[in-house]
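Data file: query34.txt. Format and content: compact mmCIF, C-alpha atoms and all ligand atoms.
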```txt
# COMPACT_ATOMS: atom_id res chain seq x y z
CA MET A 1 25.46 -1.55 29.47
CA LYS A 2 22.32 0.13 28.08
CA GLU A 3 19.03 -1.76 28.35
CA VAL A 4 16.75 -1.79 25.32
CA ALA A 5 13.25 -3.26 25.58
CA ILE A 6 11.29 -4.22 22.47
CA LEU A 7 7.56 -4.78 23.00
CA GLY A 8 6.01 -6.96 20.32
CA ALA A 9 7.50 -9.54 17.96
CA GLY A 10 5.57 -8.58 14.84
CA TYR A 11 7.10 -7.15 11.67
CA ALA A 12 8.31 -3.94 13.34
CA GLY A 13 9.58 -5.46 16.60
CA LEU A 14 11.46 -8.38 15.04
CA ARG A 15 13.01 -6.18 12.37
CA ALA A 16 14.27 -3.83 15.10
CA LEU A 17 15.60 -6.81 17.06
CA ARG A 18 17.52 -8.21 14.12
CA GLU A 19 19.11 -4.84 13.45
CA LEU A 20 20.05 -4.22 17.09
CA GLN A 21 21.49 -7.71 17.49
CA LYS A 22 24.09 -6.91 14.84
CA GLN A 23 26.08 -5.05 17.50
CA SER A 24 26.58 -6.06 21.11
CA GLU A 25 26.91 -2.84 23.09
CA MET A 26 23.41 -3.21 24.58
CA HIS A 27 21.35 -5.82 26.29
CA ILE A 28 17.97 -6.35 24.65
CA THR A 29 14.76 -7.72 26.16
CA LEU A 30 12.07 -8.78 23.72
CA VAL A 31 8.54 -9.24 25.09
CA ASP A 32 5.66 -10.94 23.31
CA ARG A 33 2.58 -12.78 24.58
CA ASN A 34 3.27 -15.63 22.14
CA ASP A 35 6.40 -17.70 21.65
CA TYR A 36 5.93 -17.41 17.90
CA HIS A 37 5.86 -14.66 15.28
CA TYR A 38 2.96 -14.69 12.83
CA GLU A 39 2.59 -13.17 9.38
CA ALA A 40 -0.34 -10.84 10.06
CA THR A 41 -0.84 -10.26 6.33
CA ASP A 42 -1.67 -13.96 5.84
CA LEU A 43 -4.31 -14.42 8.56
CA HIS A 44 -7.04 -14.80 5.92
CA GLU A 45 -5.33 -17.99 4.75
CA VAL A 46 -5.78 -19.56 8.19
CA ALA A 47 -9.29 -18.11 8.66
CA SER A 48 -10.40 -19.69 5.38
CA GLY A 49 -8.65 -22.96 6.20
CA ASN A 50 -6.55 -22.75 3.03
CA GLN A 51 -3.32 -22.96 5.06
CA PRO A 52 -2.61 -24.48 8.46
CA LYS A 53 -1.37 -22.01 11.07
CA GLU A 54 2.10 -23.63 10.95
CA LYS A 55 2.54 -22.10 7.48
CA ILE A 56 2.28 -18.53 8.79
CA ILE A 57 4.14 -18.78 12.12
CA TYR A 58 7.69 -19.47 13.27
CA PRO A 59 9.30 -19.63 16.72
CA ILE A 60 10.60 -16.35 18.10
CA LYS A 61 13.59 -18.21 19.51
CA ASP A 62 14.81 -18.76 15.94
CA VAL A 63 15.52 -15.01 15.76
CA VAL A 64 16.79 -14.42 19.30
CA ASP A 65 20.56 -14.26 19.77
CA THR A 66 20.78 -15.33 23.41
CA LYS A 67 24.21 -13.69 23.83
CA VAL A 68 22.62 -10.23 23.68
CA THR A 69 18.86 -10.79 23.94
CA THR A 70 16.51 -12.17 26.57
CA PHE A 71 13.07 -13.22 25.36
CA VAL A 72 10.22 -12.86 27.87
CA GLN A 73 6.91 -14.48 26.95
CA ASP A 74 4.37 -12.30 28.72
CA GLU A 75 1.66 -9.74 28.17
CA VAL A 76 2.43 -6.02 28.40
CA LYS A 77 -0.07 -4.33 30.76
CA LYS A 78 1.17 -0.76 30.77
CA ILE A 79 4.18 1.45 30.11
CA ASP A 80 5.30 4.11 32.60
CA PRO A 81 7.35 6.43 30.38
CA ASP A 82 8.45 8.69 33.24
CA GLN A 83 9.77 5.85 35.44
CA GLN A 84 11.09 4.03 32.33
CA VAL A 85 9.35 0.84 33.35
CA VAL A 86 7.09 -1.66 31.56
CA GLU A 87 4.47 -3.48 33.63
CA LEU A 88 4.01 -7.12 32.66
CA LYS A 89 1.18 -9.49 33.55
CA GLN A 90 3.28 -12.28 35.11
CA ASN A 91 6.88 -11.11 35.39
CA GLN A 92 8.65 -8.40 37.37
CA PRO A 93 8.45 -4.88 35.90
CA LEU A 94 10.98 -4.33 33.15
CA HIS A 95 13.33 -1.33 33.30
CA TYR A 96 14.71 0.20 30.11
CA ASP A 97 16.96 2.98 28.87
CA TYR A 98 15.49 2.79 25.36
CA LEU A 99 12.10 1.42 24.47
CA VAL A 100 10.68 0.20 21.15
CA VAL A 101 6.89 -0.05 21.26
CA ALA A 102 5.67 -2.34 18.47
CA LEU A 103 2.50 -3.78 19.99
CA GLY A 104 0.49 -4.04 16.77
CA PHE A 105 -3.19 -3.74 15.93
CA GLU A 106 -6.60 -4.65 17.32
CA SER A 107 -9.96 -4.90 15.60
CA GLU A 108 -11.87 -1.59 15.45
CA THR A 109 -15.63 -1.83 15.82
CA PHE A 110 -16.30 1.95 15.88
CA GLY A 111 -18.74 1.25 18.71
CA ILE A 112 -21.15 -0.56 16.39
CA SER A 113 -23.66 -2.36 18.54
CA GLY A 114 -23.24 -6.13 18.78
CA ALA A 115 -20.11 -6.26 16.57
CA LYS A 116 -17.88 -7.52 19.39
CA GLU A 117 -20.38 -10.07 20.63
CA ASN A 118 -21.90 -11.35 17.39
CA ALA A 119 -19.18 -11.14 14.74
CA LEU A 120 -15.93 -13.08 14.50
CA GLU A 121 -12.62 -11.18 14.60
CA MET A 122 -9.55 -12.03 12.55
CA VAL A 123 -6.72 -10.31 14.39
CA ASP A 124 -4.30 -13.08 15.34
CA VAL A 125 -3.67 -16.77 14.81
CA GLU A 126 -6.10 -17.82 17.52
CA THR A 127 -9.01 -15.77 16.16
CA ALA A 128 -8.22 -16.79 12.56
CA GLU A 129 -8.38 -20.46 13.55
CA LYS A 130 -11.68 -19.79 15.32
CA VAL A 131 -13.14 -18.43 12.08
CA TYR A 132 -12.30 -21.65 10.22
CA ASP A 133 -13.55 -23.87 13.05
CA HIS A 134 -16.78 -21.87 13.02
CA ILE A 135 -17.24 -22.22 9.25
CA LYS A 136 -16.76 -26.00 9.52
CA ALA A 137 -19.26 -26.22 12.39
CA MET A 138 -21.84 -24.22 10.41
CA MET A 139 -21.44 -26.52 7.40
CA GLU A 140 -22.14 -29.48 9.69
CA LYS A 141 -25.23 -27.68 11.00
CA TYR A 142 -26.49 -27.23 7.46
CA LYS A 143 -26.31 -30.97 6.96
CA GLU A 144 -28.59 -31.46 9.99
CA THR A 145 -31.03 -28.58 9.40
CA LYS A 146 -30.90 -27.68 5.68
CA ASP A 147 -31.23 -24.04 6.77
CA LYS A 148 -29.51 -21.86 4.13
CA LYS A 149 -28.22 -19.36 6.74
CA TYR A 150 -25.51 -21.90 7.59
CA LEU A 151 -24.17 -21.71 4.03
CA ARG A 152 -23.97 -17.89 4.11
CA LEU A 153 -20.60 -16.24 4.92
CA VAL A 154 -20.58 -12.46 5.47
CA VAL A 155 -17.42 -10.34 5.42
CA CYS A 156 -18.02 -6.89 6.97
CA GLY A 157 -15.93 -4.22 5.20
CA ALA A 158 -14.29 -4.37 1.76
CA GLY A 159 -10.88 -2.93 2.65
CA PHE A 160 -7.66 -4.77 1.90
CA THR A 161 -8.31 -7.33 4.64
CA GLY A 162 -11.94 -7.92 3.69
CA ILE A 163 -11.18 -8.39 -0.02
CA GLU A 164 -8.25 -10.75 0.64
CA LEU A 165 -10.49 -12.76 2.96
CA VAL A 166 -13.28 -12.92 0.37
CA GLY A 167 -10.78 -14.30 -2.18
CA ALA A 168 -9.58 -16.91 0.29
CA LEU A 169 -13.13 -17.94 1.23
CA GLN A 170 -13.99 -18.30 -2.44
CA GLU A 171 -11.04 -20.67 -2.75
CA GLY A 172 -12.18 -22.60 0.33
CA LYS A 173 -15.75 -23.09 -1.00
CA THR A 174 -15.17 -26.57 -2.42
CA ARG A 175 -13.90 -27.79 0.94
CA TYR A 176 -16.81 -26.21 2.86
CA ALA A 177 -19.30 -27.64 0.36
CA LYS A 178 -17.93 -31.13 0.92
CA ILE A 179 -18.64 -30.87 4.67
CA ALA A 180 -22.16 -29.56 4.04
CA ASN A 181 -22.66 -32.08 1.24
CA VAL A 182 -23.81 -29.40 -1.23
CA ASP A 183 -22.64 -28.00 -4.56
CA PRO A 184 -19.94 -25.27 -3.98
CA ALA A 185 -22.24 -22.81 -5.82
CA GLU A 186 -24.68 -23.08 -2.92
CA ILE A 187 -22.19 -21.48 -0.52
CA GLU A 188 -22.97 -17.75 -0.59
CA ILE A 189 -20.32 -15.12 0.13
CA TYR A 190 -21.41 -11.58 0.98
CA CYS A 191 -19.19 -8.54 1.51
CA ILE A 192 -20.88 -5.46 2.96
CA GLU A 193 -19.12 -2.12 2.55
CA ALA A 194 -20.03 1.40 3.71
CA VAL A 195 -18.60 3.42 0.81
CA ALA A 196 -19.62 3.38 -2.85
CA ASN A 197 -16.20 2.72 -4.40
CA ILE A 198 -14.00 0.06 -2.83
CA LEU A 199 -10.20 0.25 -2.53
CA PRO A 200 -9.77 3.95 -3.41
CA MET A 201 -5.97 3.60 -3.30
CA PHE A 202 -6.01 1.68 -6.61
CA ASN A 203 -6.70 3.03 -10.11
CA ASP A 204 -9.94 2.16 -11.93
CA SER A 205 -8.44 -0.64 -14.01
CA LEU A 206 -7.06 -2.44 -10.95
CA THR A 207 -10.28 -2.05 -8.99
CA GLN A 208 -12.23 -3.30 -12.02
CA TYR A 209 -9.99 -6.38 -12.18
CA CYS A 210 -10.99 -7.15 -8.59
CA LEU A 211 -14.69 -6.41 -9.20
CA ASP A 212 -14.72 -8.66 -12.28
CA TYR A 213 -13.46 -11.60 -10.23
CA LEU A 214 -15.96 -10.98 -7.44
CA ASN A 215 -18.65 -10.90 -10.09
CA LYS A 216 -17.43 -14.08 -11.79
CA TRP A 217 -17.42 -15.85 -8.42
CA ASN A 218 -20.95 -14.63 -7.61
CA VAL A 219 -19.75 -12.79 -4.51
CA HIS A 220 -22.52 -10.47 -3.31
CA LEU A 221 -20.67 -7.17 -2.86
CA LEU A 222 -23.05 -4.66 -1.26
CA THR A 223 -21.56 -1.16 -1.46
CA SER A 224 -22.98 2.10 -0.03
CA SER A 225 -24.26 -0.14 2.76
CA PRO A 226 -22.92 0.98 6.15
CA ILE A 227 -23.40 -1.65 8.83
CA LYS A 228 -25.45 -0.29 11.75
CA ALA A 229 -25.54 -3.26 14.10
CA ILE A 230 -24.79 -6.95 14.35
CA LYS A 231 -27.36 -9.13 16.04
CA PRO A 232 -26.98 -12.88 16.59
CA GLU A 233 -26.77 -14.36 13.05
CA ARG A 234 -28.01 -11.07 11.54
CA VAL A 235 -26.32 -8.05 9.94
CA ILE A 236 -28.27 -4.78 10.03
CA TYR A 237 -27.12 -2.31 7.38
CA SER A 238 -28.62 0.65 5.60
CA ASN A 239 -28.92 1.14 1.87
CA ASP A 240 -30.80 3.93 0.08
CA ASP A 241 -31.82 5.27 3.50
CA GLN A 242 -33.54 2.03 4.35
CA ASP A 243 -32.55 -0.40 7.07
CA LYS A 244 -32.00 -3.91 5.79
CA GLU A 245 -31.19 -7.24 7.41
CA LEU A 246 -29.16 -10.18 6.22
CA GLU A 247 -29.36 -13.50 8.03
CA ALA A 248 -26.13 -15.48 8.13
CA ALA A 249 -24.52 -17.88 10.58
CA THR A 250 -20.94 -16.72 9.81
CA ILE A 251 -20.22 -12.99 10.16
CA ILE A 252 -16.59 -11.85 10.05
CA TRP A 253 -15.58 -8.34 11.10
CA THR A 254 -12.90 -6.62 8.96
CA THR A 255 -13.89 -2.95 8.98
CA GLY A 256 -10.55 -1.60 10.08
CA VAL A 257 -7.99 -1.62 12.85
CA SER A 258 -6.70 0.50 15.71
CA GLY A 259 -3.39 0.32 17.57
CA SER A 260 -2.99 -1.66 20.82
CA HIS A 261 -5.09 -0.48 23.78
CA VAL A 262 -1.85 -0.38 25.86
CA ILE A 263 -0.95 2.89 24.12
CA GLY A 264 -3.95 4.77 25.49
CA GLU A 265 -3.75 3.07 28.89
CA SER A 266 -0.11 4.19 29.22
CA GLY A 267 -1.05 7.84 28.76
CA PHE A 268 0.60 8.47 25.38
CA SER A 269 -1.07 11.14 23.35
CA GLU A 270 -2.91 9.00 20.79
CA LYS A 271 -5.85 8.59 18.48
CA ARG A 272 -7.32 5.11 18.05
CA GLY A 273 -4.21 3.56 19.62
CA ARG A 274 -1.78 5.35 17.31
CA VAL A 275 0.75 8.03 18.30
CA MET A 276 1.70 10.74 15.81
CA VAL A 277 5.46 10.31 16.22
CA ASN A 278 8.33 12.73 15.54
CA ASP A 279 10.06 12.48 12.17
CA ASP A 280 12.74 10.29 13.79
CA LEU A 281 9.98 7.89 15.07
CA THR A 282 10.29 8.88 18.75
CA ASP A 283 7.33 9.71 20.95
CA PRO A 284 6.80 13.52 20.99
CA ASP A 285 7.23 13.57 24.78
CA HIS A 286 10.04 11.00 25.23
CA GLU A 287 13.10 10.87 23.07
CA ASN A 288 14.13 7.41 24.34
CA ILE A 289 10.83 5.81 23.24
CA TYR A 290 10.30 4.70 19.64
CA ILE A 291 6.73 3.96 18.61
CA ILE A 292 6.57 1.91 15.43
CA GLY A 293 4.34 -0.30 13.30
CA ASP A 294 0.56 -0.28 13.74
CA VAL A 295 0.70 1.80 16.95
CA SER A 296 2.44 4.61 15.10
CA ALA A 297 1.27 7.32 12.72
CA VAL A 298 3.85 8.90 10.40
CA MET A 299 2.80 11.83 8.29
CA ASP A 300 3.11 11.49 4.53
CA LYS A 301 4.15 15.03 3.66
CA GLU A 302 2.85 14.69 0.09
CA SER A 303 -0.74 13.78 0.95
CA ASN A 304 -0.67 15.44 4.38
CA ARG A 305 -2.24 12.29 5.83
CA PRO A 306 -0.59 9.52 7.86
CA TYR A 307 0.72 6.60 5.83
CA PRO A 308 -1.56 3.53 5.97
CA THR A 309 -0.34 0.89 8.41
CA THR A 310 1.19 -2.02 6.49
CA GLY A 311 3.71 -4.79 7.04
CA GLN A 312 6.05 -2.98 4.66
CA ILE A 313 6.16 0.32 6.56
CA SER A 314 6.47 -1.60 9.85
CA LEU A 315 9.61 -3.37 8.61
CA GLN A 316 11.18 -0.09 7.52
CA MET A 317 10.28 1.58 10.82
CA GLY A 318 11.81 -1.32 12.78
CA GLU A 319 15.11 -0.99 10.97
CA HIS A 320 15.13 2.80 11.28
CA ALA A 321 14.29 2.85 15.01
CA ALA A 322 17.09 0.36 15.74
CA LYS A 323 19.62 2.45 13.80
CA ASN A 324 18.51 5.59 15.65
CA ILE A 325 18.98 3.86 19.02
CA GLU A 326 22.51 2.86 17.96
CA ARG A 327 23.13 6.51 17.01
CA GLN A 328 21.80 7.76 20.36
CA VAL A 329 23.97 5.31 22.31
CA LYS A 330 27.03 6.51 20.39
CA GLY A 331 26.04 10.15 21.04
CA GLU A 332 25.33 10.79 17.35
CA PRO A 333 22.28 12.74 16.10
CA LYS A 334 19.17 10.72 15.21
CA GLN A 335 17.99 10.70 11.60
CA ASP A 336 14.52 11.27 10.18
CA PHE A 337 12.54 8.36 8.77
CA THR A 338 11.60 8.34 5.11
CA PHE A 339 9.24 5.69 3.81
CA LYS A 340 10.31 4.03 0.57
CA ASN A 341 7.05 2.75 -0.87
CA LEU A 342 7.74 -0.46 -2.78
CA GLY A 343 4.03 -0.71 -3.70
CA SER A 344 1.23 -2.84 -2.34
CA VAL A 345 -0.44 -5.90 -3.75
CA ALA A 346 -3.75 -7.45 -2.65
CA SER A 347 -4.40 -11.11 -3.29
CA ILE A 348 -7.80 -12.53 -4.20
CA GLY A 349 -7.20 -16.21 -3.83
CA ASN A 350 -3.88 -17.95 -4.30
CA THR A 351 -3.31 -17.18 -7.97
CA HIS A 352 -5.00 -13.81 -8.50
CA ALA A 353 -3.77 -10.49 -7.22
CA PHE A 354 -3.59 -6.83 -8.16
CA GLY A 355 -1.83 -3.71 -7.00
CA TYR A 356 1.28 -1.62 -7.48
CA VAL A 357 4.90 -2.61 -7.64
CA GLY A 358 6.59 0.73 -7.14
CA SER A 359 4.13 2.93 -9.01
CA THR A 360 3.41 0.40 -11.78
CA GLY A 361 0.00 -1.28 -11.77
CA VAL A 362 0.13 -5.11 -11.92
CA LYS A 363 -2.60 -7.76 -12.02
CA GLY A 364 -3.05 -11.48 -12.59
CA TYR A 365 -0.20 -14.00 -12.29
CA PRO A 366 2.59 -11.38 -12.28
CA ALA A 367 0.87 -9.66 -9.35
CA SER A 368 0.30 -12.96 -7.57
CA PHE A 369 3.99 -13.79 -8.06
CA MET A 370 4.93 -10.35 -6.66
CA LYS A 371 2.64 -10.89 -3.68
CA LYS A 372 4.47 -14.11 -2.86
CA MET A 373 7.84 -12.43 -3.27
CA ILE A 374 6.68 -9.66 -0.89
CA MET A 375 5.75 -12.33 1.70
CA ASN A 376 9.11 -14.05 1.26
CA ARG A 377 10.89 -10.73 1.63
CA SER A 378 9.16 -9.98 4.92
CA LEU A 379 10.04 -13.49 6.17
CA LEU A 380 13.66 -12.78 5.24
CA LYS A 381 13.64 -9.39 6.99
CA THR A 382 12.18 -10.68 10.26
CA GLY A 383 13.13 -14.36 10.46
CA GLY A 384 16.03 -14.79 8.04
CA LEU A 385 16.83 -17.37 5.40
CA LYS A 386 15.81 -20.40 7.48
CA GLU A 387 12.21 -19.13 7.74
CA VAL A 388 12.06 -18.27 4.02
CA MET A 389 13.17 -21.81 3.17
CA SER A 390 10.60 -23.48 5.43
CA LYS A 391 7.64 -21.08 5.21
CA GLY A 392 8.27 -19.17 1.97
CA ARG A 393 5.84 -19.19 -0.96
CA PHE A 394 7.35 -20.71 -4.08
CA ASP A 395 4.25 -22.39 -5.49
CA LEU A 396 3.73 -19.91 -8.25
CA TYR A 397 0.61 -21.39 -9.79
CA HIS A 398 -1.10 -23.09 -6.86
P1 LIG B 401 -9.35 -0.55 6.17
O1 LIG B 401 -9.64 0.55 7.11
O2 LIG B 401 -8.35 -0.34 5.11
O3 LIG B 401 -10.71 -1.04 5.45
C1 LIG B 401 -11.90 -1.19 6.17
C2 LIG B 401 -13.10 -1.12 5.22
O4 LIG B 401 -14.28 -1.29 5.99
C3 LIG B 401 -13.21 0.22 4.50
O5 LIG B 401 -13.47 0.00 3.14
C4 LIG B 401 -14.39 0.89 5.20
O6 LIG B 401 -15.13 1.76 4.36
C5 LIG B 401 -15.23 -0.31 5.62
N1 LIG B 401 -16.11 -0.03 6.77
C6 LIG B 401 -15.79 0.64 7.92
N2 LIG B 401 -16.87 0.70 8.73
C7 LIG B 401 -17.89 0.06 8.09
C8 LIG B 401 -19.24 -0.21 8.41
N3 LIG B 401 -19.81 0.18 9.55
N4 LIG B 401 -19.99 -0.89 7.50
C9 LIG B 401 -19.47 -1.32 6.34
N5 LIG B 401 -18.19 -1.09 6.00
C10 LIG B 401 -17.40 -0.41 6.85
O7 LIG B 401 -8.96 -1.80 7.11
P2 LIG B 401 -8.23 -3.16 6.73
O8 LIG B 401 -8.72 -3.68 5.45
O9 LIG B 401 -8.34 -4.02 7.94
O10 LIG B 401 -6.72 -2.75 6.57
C11 LIG B 401 -6.01 -2.18 7.67
C12 LIG B 401 -4.63 -1.71 7.20
O11 LIG B 401 -3.82 -2.84 6.83
C13 LIG B 401 -4.74 -0.83 5.96
O12 LIG B 401 -3.81 0.20 6.08
C14 LIG B 401 -4.38 -1.76 4.83
O13 LIG B 401 -3.80 -1.09 3.74
C15 LIG B 401 -3.39 -2.71 5.50
N6 LIG B 401 -3.42 -4.04 4.84
C16 LIG B 401 -2.57 -4.24 3.80
C17 LIG B 401 -2.57 -5.46 3.14
C18 LIG B 401 -1.62 -5.68 1.98
O14 LIG B 401 -0.72 -4.86 1.77
N7 LIG B 401 -1.80 -6.74 1.19
C19 LIG B 401 -3.45 -6.48 3.54
C20 LIG B 401 -4.32 -6.23 4.61
C21 LIG B 401 -4.30 -5.00 5.25
```
Show the structure stored in the file as structure tokens.
Amino acid sequence: MKEVAILGAGYAGLRALRELQKQSEMHITLVDRNDYHYEATDLHEVASGNQPKEKIIYPIKDVVDTKVTTFVQDEVKKIDPDQQVVELKQNQPLHYDYLVVALGFESETFGISGAKENALEMVDVETAEKVYDHIKAMMEKYKETKDKKYLRLVVCGAGFTGIELVGALQEGKTRYAKIANVDPAEIEIYCIEAVANILPMFNDSLTQYCLDYLNKWNVHLLTSSPIKAIKPERVIYSNDDQDKELEAATIIWTTGVSGSHVIGESGFSEKRGRVMVNDDLTDPDHENIYIIGDVSAVMDKESNRPYPTTGQISLQMGEHAAKNIERQVKGEPKQDFTFKNLGSVASIGNTHAFGYVGSTGVKGYPASFMKKMIMNRSLLKTGGLKEVMSKGRFDLYH
């Protein structure tokens, strides 16, 4: 019986697992450091304290069919593609015939001094919870000291993640203000962005919709302001060729992501933790290794640039890689991956959102509704109906 190992139980890994479990000609081993799957696209909800972590996680065992799959909770240290072995932190090395690498993303600091030490990350459930705990602690400190820096929240980077986080923080303001015993208007939210025009993937009307809300909420969006360094409770950025400083007790780092460090440490040919895979999603040097999700780069032939890493493309890659493994086992030719872009929607708070459904621009309640349907769809694709029923978003107006 062929051995398939899947590394990572995120969108890509779990989707591949569910597809492979439909047939029983292979034995599958799924490895993840956690015993739960989390919705990476909803981390801002936990970081802002708007949702408890239980709302965005579910147990991996809910998805594992123990007749064909063994789940190993452990950390992947390294892959040896030539020996076909995966080194784990605690368990014996894992041998495979086919490997699916879906190890996900890490925060990218671009070597900016002090970012790792002095800013908070939001890359998994643990770090998202830390952000909220930190905000609460700073609100308590304000009560003792009356120092305004404790009421100042800074989001570094106005990409998708940064903007969604800003929206969630805005929504959390009333709760934070209660702890600090101040008016919500006294909580200041800053978002500092290197480029002049945020969210270039959206048309002007959609971007304006977002900017209008930020404006209405008095969010201080500083564009053309690349961050140069983070010092304790201080962001150093430049604007108009001048170095400027902003003092704040909460600094959250969302300036972009790279793929898992395991990719580079395993000797794959990579750039920022991502491997430019073959059209069929295999590693260029190993046709039994599929590299999918945030550790993978797939060229969009239209733009001649890799597709952005999203939950949506990860789900499609997971399904495709699993089907290609089934084809390989049966001795059939593998097929090339084509990405069907269903659109992308960014939320700003629970009831406002904007983006594209297919190629149609949407904003406001319809977009917010679509965003929730997208979340429910990804729950269905990875976890199944049970997870949609218990964790799905059906509260259309709140
Ligand atoms: P990103 O790379 O898309 O955005 C990072 C932002 O930080 C950019 O605007 C960049 O200009 C800015 N930045 C970088 N260095 C900076 C510096 N030194 N100073 C100031 N600003 C700086 O990263 P992301 O937002 O984490 O998103 C990662 C991926 O996940 C993207 O592909 C995104 O599309 C995807 N994503 C999708 C959704 C969704 O579909 N709803 C949500 C979140 C993320």
Between A:Lys130, A:Lys228, A:Lys271, A:Lys244, which is the closest to ligand LIG 401 (chain B) once you count all atoms listed in the file? A:Lys228
Polymer residues at most 12 Å from (-17.2, -33.5, 6.1) by all atoms listed in the file, as JSON, numbers by chain: {"A": [135, 136, 137, 138, 139, 140, 141, 142, 143, 174, 175, 176, 177, 178, 179, 180, 181, 182]}
By how many Å are CA of Val68 in chain A and CA of Ile28 in chain A apart? 6.1 Å
Let me have all residues with an atom within 8 Å of ligand LIG 401 (chain B), counting all atoms listed in the file, laid out as a PyMOL selection string. chain A and resi 41+107+109-110+112+156-164+192-195+198-199+225-228+237+254-257+307-312+344-347+371
To one decimal place in Å, what is the distance between CA of Leu43 in chain A and CA of Glu121 in chain A? 10.8 Å
Proximity to Val123 in chain A - best of A:Ala9, A:Leu211, A:Ile252, A:Ile348, only C-alpha atoms: A:Ile252
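When all atoms listed in the file are used to compute distances to Asn34 in chain A, the closest of the residues A:Ile263, A:Val76, A:Val4, A:Ala128 turns out to be A:Val76.
A straight line drawn from CA of Lys386 in chain A to CA of Pro366 in chain A is 25.4 Å long.
Distance check against Ala5 in chain A using all atoms listed in the file: of A:His261, A:Lys173, A:His95, A:Lys55, the minimum falls on A:His95.
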Between A:Val295, A:Ala168, A:Met26, A:Ile189, single out the one closest to Asn50 in chain A, counting only C-alpha atoms. A:Ala168
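Each of A:Val154, A:Leu214, A:Ala40, A:Val63 was checked against Gly167 in chain A using all atoms listed in the file; the smallest atom-to-atom distance is that of A:Leu214.
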For Ser368 in chain A, please output as number ranges by chain all residues within 6 Å (counting all atoms listed in the file; exclusion window: fewer than 6 positions along the same chain). A: 351-353
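Neighbouring residues of Arg393 in chain A at 9 Å or closer, counting only C-alpha atoms and skipping chain neighbours under 4 positions away, are Lys372, Met373, Met375, Asn376, Val388 and Met389 of chain A.
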Near Gln73 in chain A, counting all atoms listed in the file, which residues have an atom at most 10 Å away, once you skip same-chain residues fewer than 5 positions from it, shown as a list in words? Leu30, Val31, Asp32, Arg33, Asn34, Asp35, Tyr36, Ile60, Leu88, Gln90 and Asn91 of chain A
Asp294 in chain A: which residues within 7 Å, counting all atoms listed in the file, same-chain residues fewer than 2 positions away excluded, as a PyMOL selection string? chain A and resi 104-105+259+292+296+309
Can you write out as CSV which residues of range 89-187 of chain A fall within 7 Å of range 272-288 of chain A, alongside each residue's closest atom pair and its distance in Å to one decimal, counting all atoms listed in the file and ordering rows by chain and ascending residue number?
```
residue,atom,partner,partner_atom,distance
A:Asp97,CA,A:Asn288,CA,6.9
A:Tyr98,CA,A:Asn288,CA,4.9
A:Leu99,CA,A:Asn288,CA,6.3
```
